[in-house]
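Asks: A single structure is presented below for examination.
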Amino acid sequence: MKVELYERIWMYLAAVMIAGFLAVMISSSVAHAIHPPSHVETIDPAKVAADPDFSRPRVEVRPDGSALVVATAEMFAFKPETVRVPRGRPVTFRLTSPDVIHGYQVVGTNANAMLLPGYVTQFTVVFPRAGEYLVACNEYCGLAHHLMQGKVIVEEPRAAGQLGPGQQAAPGGGEVAAHGAGHGAERADPGEARR
């Protein structure tokens, strides 16, 4: 069978490109130790509920005004489901999953992370505007995936030493949001559900 010159050129060019792509993938995975983008902190997925940090999902507002959100994503819920953070201050999210791969996307912002069992994902974001933001799982995690959502409520920063409803002072002078202090406790104020 006779193959035209231009067809042969394109076939050789395609073969070289495929070989190049394979070489890059292999060298990246072997030589550069490709791993999940994070600070590479690992955790035993079977022991997340007993871990001192992740056993109490919470929001801590530090004395400098920044916030720390410690949360888990499990089939099919985020814990805590609702988090309240200050506007214009750095908010660090520490997230993990004890079961399957989940996503944590704060819709309308650039906060988007993949949560892998066995790894702690950490990122920091500043919310420039106050308001409510939907948190969605953007990785298919099972049959009820579409029901998995949460909320980030960005509030104006409080005056120094002033605590919000249902909040208590954290060790070191910060405040801990009571709605994130334990499993299943999602709102700081029971009347908030009616608003």
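We label chains A, B, ... in the order they appear in the structure tokens, count residues from 1 in each chain, and number ligands from 1 in the order shown.
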What lies within 12 Å of range 133-135 of chain A using only C-alpha atoms, ignoring chain neighbours under 5 positions off, as a PDB file with C-alpha atoms, in the first residue's frame?
Replies:
ATOM      1  CA  ALA A  73     -15.821  16.274  53.695  1.00  0.00           C
ATOM      2  CA  ALA A  77     -21.766  16.403  53.926  1.00  0.00           C
ATOM      3  CA  PHE A  78     -19.224  19.005  54.896  1.00  0.00           C
ATOM      4  CA  LYS A  79     -18.465  19.323  58.604  1.00  0.00           C
ATOM      5  CA  PRO A  80     -19.020  22.074  59.600  1.00  0.00           C
ATOM      6  CA  GLU A  81     -21.675  22.751  56.978  1.00  0.00           C
ATOM      7  CA  THR A  82     -21.726  26.513  57.622  1.00  0.00           C
ATOM      8  CA  VAL A  83     -18.641  28.549  58.460  1.00  0.00           C
ATOM      9  CA  ARG A  84     -18.440  32.236  59.359  1.00  0.00           C
ATOM     10  CA  VAL A  85     -15.238  34.101  58.508  1.00  0.00           C
ATOM     11  CA  HIS A 102     -14.294  15.157  47.353  1.00  0.00           C
ATOM     12  CA  GLY A 103     -14.030  18.693  46.061  1.00  0.00           C
ATOM     13  CA  TYR A 104     -14.282  21.896  48.082  1.00  0.00           C
ATOM     14  CA  GLN A 105     -15.208  24.803  45.847  1.00  0.00           C
ATOM     15  CA  VAL A 106     -16.334  28.137  47.254  1.00  0.00           C
ATOM     16  CA  VAL A 107     -18.470  29.266  44.323  1.00  0.00           C
ATOM     17  CA  GLY A 108     -17.741  32.774  43.073  1.00  0.00           C
ATOM     18  CA  THR A 109     -14.157  32.776  44.386  1.00  0.00           C
ATOM     19  CA  ASN A 110     -10.869  31.169  43.423  1.00  0.00           C
ATOM     20  CA  ALA A 111     -11.031  28.827  46.454  1.00  0.00           C
ATOM     21  CA  ASN A 112     -11.121  25.344  44.952  1.00  0.00           C
ATOM     22  CA  ALA A 113      -9.419  22.212  46.265  1.00  0.00           C
ATOM     23  CA  PHE A 127     -12.676  37.193  50.865  1.00  0.00           C
ATOM     24  CA  HIS A 146     -25.628  16.571  44.181  1.00  0.00           C
ATOM     25  CA  LEU A 147     -26.895  17.113  47.757  1.00  0.00           C
ATOM     26  CA  MET A 148     -23.423  17.812  49.158  1.00  0.00           C
ATOM     27  CA  GLN A 149     -23.172  21.520  49.790  1.00  0.00           C
ATOM     28  CA  GLY A 150     -22.264  23.967  52.494  1.00  0.00           C
ATOM     29  CA  LYS A 151     -22.016  27.678  53.077  1.00  0.00           C
ATOM     30  CA  VAL A 152     -19.314  30.226  53.832  1.00  0.00           C
ATOM     31  CA  ILE A 153     -20.702  33.377  55.410  1.00  0.00           C
ATOM     32  CA  VAL A 154     -18.271  36.279  55.154  1.00  0.00           C
ATOM     33  CA  GLU A 155     -18.945  38.937  57.788  1.00  0.00           C
TER      34      GLU A 155
END
Asks: Could you pull out all residues of range 40-87 of chain A with a DSSP call of strand (DSSP E) and give them as a list in words?
Replies: Glu41, Thr42, Arg58, Val59, Glu60, Val61, Ala67, Leu68, Val69, Val70, Ala71, Thr72, Ala73, Glu74, Ala77, Phe78, Lys79, Thr82, Val83, Arg84, Val85 and Pro86 of chain A
Asks: Step one, run DSSP on the backbone; step two, keep only residues of range 36-175 of chain A assigned to helix (DSSP H, G or I); then write them as a PyMOL selection string.
Replies: chain A and resi 45-50+145-147
Asks: Val125 in chain A: which residues within 8 Å, counting only C-alpha atoms, same-chain residues fewer than 6 positions away excluded, as a ChimeraX atom specification?
Replies: /A:90-92,111
Asks: Could the residues in this selection be written to a file with C-alpha atoms, as a PDB file, in the first residue's frame?
Replies:
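And here's again06.pdb as it stands now:
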ATOM      1  CA  PRO A  90      -6.626  35.710  55.480  1.00  0.00           C
ATOM      2  CA  VAL A  91      -8.675  32.556  55.969  1.00  0.00           C
ATOM      3  CA  THR A  92      -6.728  29.280  56.029  1.00  0.00           C
ATOM      4  CA  ALA A 111     -11.031  28.827  46.454  1.00  0.00           C
TER       5      ALA A 111
END
